[in-house]
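Visitor: Structure provided below as C-alpha cells; questions to follow.
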Amino acid sequence: MKETTLNGKVFEEIISKEQIEQIVHELSQKINQDYQGKQPIIIAVLDGAFIFAADLIRNFDFDHQFRFVKLSSYEGMESSGTIKYLLDIDLDLENQDILIIEDIVDTGITLHQYSQHLSVKKPRSIEICSLLSKPNALQHKDLHIKYCGREIEDEFVIGYGLDWDYKARHLPAIYQLRKDS
Ligand code: 5GP
C-alpha cells in the first residue's frame, strides 16, 4: 500500500494515477455522447477541481464555454455548512445547458446550494460531474450526480487537486486519511 504523510498524518493511496486516467477517459466519453450538438457552459469549481477539469475538458469534442467559479464551504477537514461565493460568473444562463465540474461531493451542501443559485437564472439543464462522491456523507439525497467518477468512504482524501490546508494538490493519485492516523 502506497502511503504519504502530511502534517504528521498518514494517508493511504486509494485511487492510483492510472485509475484516475481511466475514470477521466470514461467520464469524458459519456459527456461527449450526451453533449453532441449542444453548446453547454462548463463551470468548474475552484479550487479543488482545477486539475480534474483541465484533464477532463481536453477530451471534450463538442462546442462549449468554460468558466471557473470559486466556492468555499470547507474549513480544515470539516464542511462548514454554508457556502461563500468567492468568484461567481456574471452570464445570462437562460435556456443554457450547464455542466458543473466538481472534485468531490461530500455532504452535497455546496452543490445543492449552488444548483439552486443557478436555477434562478432559468437554465435549460444543470448536470453535475464529480470525480468523487461520499454517499454515506450525503445530506441532500436528491442531489443527482449524473457523472460520478468513483464513490468512496466517508473519510478525508487529498491529492489530484484536493488539498489539506492548501497542501497536497500536486499528488498524482488520491490518498485517504488512515483511520488510526
Ligand atoms: P460538500 O459541500 O459536498 O460537503 O463539500 C464539497 C467541498 O468540500 C468539495 O468541493 C471540497 O472542496 C471539499 N471536500 C469535501 N470532502 C473533502 C475531502 O475529503 N478532502 C478534501 N481535500 N476536500 C473535501
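So you can find residues: chains in the C-alpha cells are A, B, ... in the order shown, residues in each start at 1, and ligands are numbered from 1 in order.
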Go through region 7-41 of chain A residue by residue and, counting only C-alpha atoms, keep those with an atom at most 12 Å from region 55-62 of chain A; for each kept residue give the shortest atom pair and its distance in Å to one decimal, ordered by chain and increasing number, as JSON lines.
Guide:
{"residue": "A:Ile20", "atom": "CA", "partner": "A:Asp55", "partner_atom": "CA", "distance": 10.0}
{"residue": "A:Glu21", "atom": "CA", "partner": "A:Asp55", "partner_atom": "CA", "distance": 8.6}
{"residue": "A:Gln22", "atom": "CA", "partner": "A:Leu56", "partner_atom": "CA", "distance": 11.0}
{"residue": "A:Ile23", "atom": "CA", "partner": "A:Leu56", "partner_atom": "CA", "distance": 9.6}
{"residue": "A:Val24", "atom": "CA", "partner": "A:Leu56", "partner_atom": "CA", "distance": 5.9}
{"residue": "A:His25", "atom": "CA", "partner": "A:Asn59", "partner_atom": "CA", "distance": 7.5}
{"residue": "A:Glu26", "atom": "CA", "partner": "A:Leu56", "partner_atom": "CA", "distance": 9.8}
{"residue": "A:Leu27", "atom": "CA", "partner": "A:Leu56", "partner_atom": "CA", "distance": 7.9}
{"residue": "A:Ser28", "atom": "CA", "partner": "A:Asn59", "partner_atom": "CA", "distance": 6.1}
{"residue": "A:Gln29", "atom": "CA", "partner": "A:Asn59", "partner_atom": "CA", "distance": 7.9}
{"residue": "A:Lys30", "atom": "CA", "partner": "A:Phe60", "partner_atom": "CA", "distance": 10.0}
{"residue": "A:Ile31", "atom": "CA", "partner": "A:Phe60", "partner_atom": "CA", "distance": 7.7}
{"residue": "A:Asn32", "atom": "CA", "partner": "A:Phe60", "partner_atom": "CA", "distance": 6.0}
{"residue": "A:Gln33", "atom": "CA", "partner": "A:Phe62", "partner_atom": "CA", "distance": 9.1}
{"residue": "A:Asp34", "atom": "CA", "partner": "A:Phe62", "partner_atom": "CA", "distance": 9.7}
{"residue": "A:Tyr35", "atom": "CA", "partner": "A:Phe62", "partner_atom": "CA", "distance": 6.6}
{"residue": "A:Gln36", "atom": "CA", "partner": "A:Phe62", "partner_atom": "CA", "distance": 5.7}
{"residue": "A:Gly37", "atom": "CA", "partner": "A:Phe62", "partner_atom": "CA", "distance": 7.0}
{"residue": "A:Lys38", "atom": "CA", "partner": "A:Phe62", "partner_atom": "CA", "distance": 7.3}
{"residue": "A:Gln39", "atom": "CA", "partner": "A:Phe62", "partner_atom": "CA", "distance": 7.2}
{"residue": "A:Pro40", "atom": "CA", "partner": "A:Phe62", "partner_atom": "CA", "distance": 8.8}
{"residue": "A:Ile41", "atom": "CA", "partner": "A:Phe62", "partner_atom": "CA", "distance": 11.2}
Visitor: Report the residues of region 3-166 of chain A whose backbone DSSP state falls under strand (DSSP E or B), written as a PyMOL selection string.
Guide: chain A and resi 3-6+9-15+41-46+65-75+78-87+97-105+125-133+147-151+157-159+162+164
Visitor: Pick out the residues sitting within 9 Å of Ile51 (chain A), and hand them over as a list in words; count only C-alpha atoms, and ignore anything fewer than 4 positions along from it in its own chain.
Guide: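 Contacts, in chain order: Asp55, Leu56, Asp103, Tyr160, Gly161, Arg169 and His170 of chain A.
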Visitor: Just to be explicit: take each residue in the selection above, keep N, CA and C atoms, and write the result as a PDB file, in the first residue's frame.
Guide:
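As written to disk, result20.pdb reads:
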ATOM      1  N   ASP A  55      -7.938  18.085 -17.084  1.00  0.00           N
ATOM      2  CA  ASP A  55      -7.775  16.794 -17.764  1.00  0.00           C
ATOM      3  C   ASP A  55      -9.036  16.419 -18.537  1.00  0.00           C
ATOM      4  N   LEU A  56     -10.183  16.631 -17.883  1.00  0.00           N
ATOM      5  CA  LEU A  56     -11.456  16.221 -18.489  1.00  0.00           C
ATOM      6  C   LEU A  56     -11.738  16.985 -19.779  1.00  0.00           C
ATOM      7  N   ASP A 103     -14.661  18.448  -7.772  1.00  0.00           N
ATOM      8  CA  ASP A 103     -13.702  17.402  -7.395  1.00  0.00           C
ATOM      9  C   ASP A 103     -14.361  16.318  -6.552  1.00  0.00           C
ATOM     10  N   TYR A 160      -4.467  15.037  -6.354  1.00  0.00           N
ATOM     11  CA  TYR A 160      -5.107  15.321  -7.651  1.00  0.00           C
ATOM     12  C   TYR A 160      -6.017  16.548  -7.528  1.00  0.00           C
ATOM     13  N   GLY A 161      -5.482  17.600  -6.967  1.00  0.00           N
ATOM     14  CA  GLY A 161      -6.235  18.846  -6.813  1.00  0.00           C
ATOM     15  C   GLY A 161      -6.827  19.056  -5.435  1.00  0.00           C
ATOM     16  N   ARG A 169      -2.111  19.229  -3.261  1.00  0.00           N
ATOM     17  CA  ARG A 169      -2.864  19.246  -4.517  1.00  0.00           C
ATOM     18  C   ARG A 169      -2.083  18.592  -5.659  1.00  0.00           C
ATOM     19  N   HIS A 170      -0.750  18.630  -5.553  1.00  0.00           N
ATOM     20  CA  HIS A 170       0.106  18.160  -6.651  1.00  0.00           C
ATOM     21  C   HIS A 170       0.192  16.640  -6.735  1.00  0.00           C
TER      22      HIS A 170
END
Visitor: Can you tell me which residues sit at most 7 Å away from ligand 1, counting only C-alpha atoms and all ligand atoms, written as a list in words?
Guide: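 For ligand 1, the residues inside 7 Å are Asp47, Gly48, Ser72, Ser73, Tyr74, Met77, Ser79, Glu102, Asp103, Ile104, Val105, Asp106, Thr107, Gly108, Ile109, Thr110, Leu111, Glu155, Phe156, Val157, Ile158, Leu162, Asp163 and Trp164 of chain A.
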Visitor: What gap, in Å, lies between CA of Ser125 (chain A) and CA of Asn95 (chain A)?
Guide: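 Pair CA of Ser125 (chain A) / CA of Asn95 (chain A) returns 7.7 Å.
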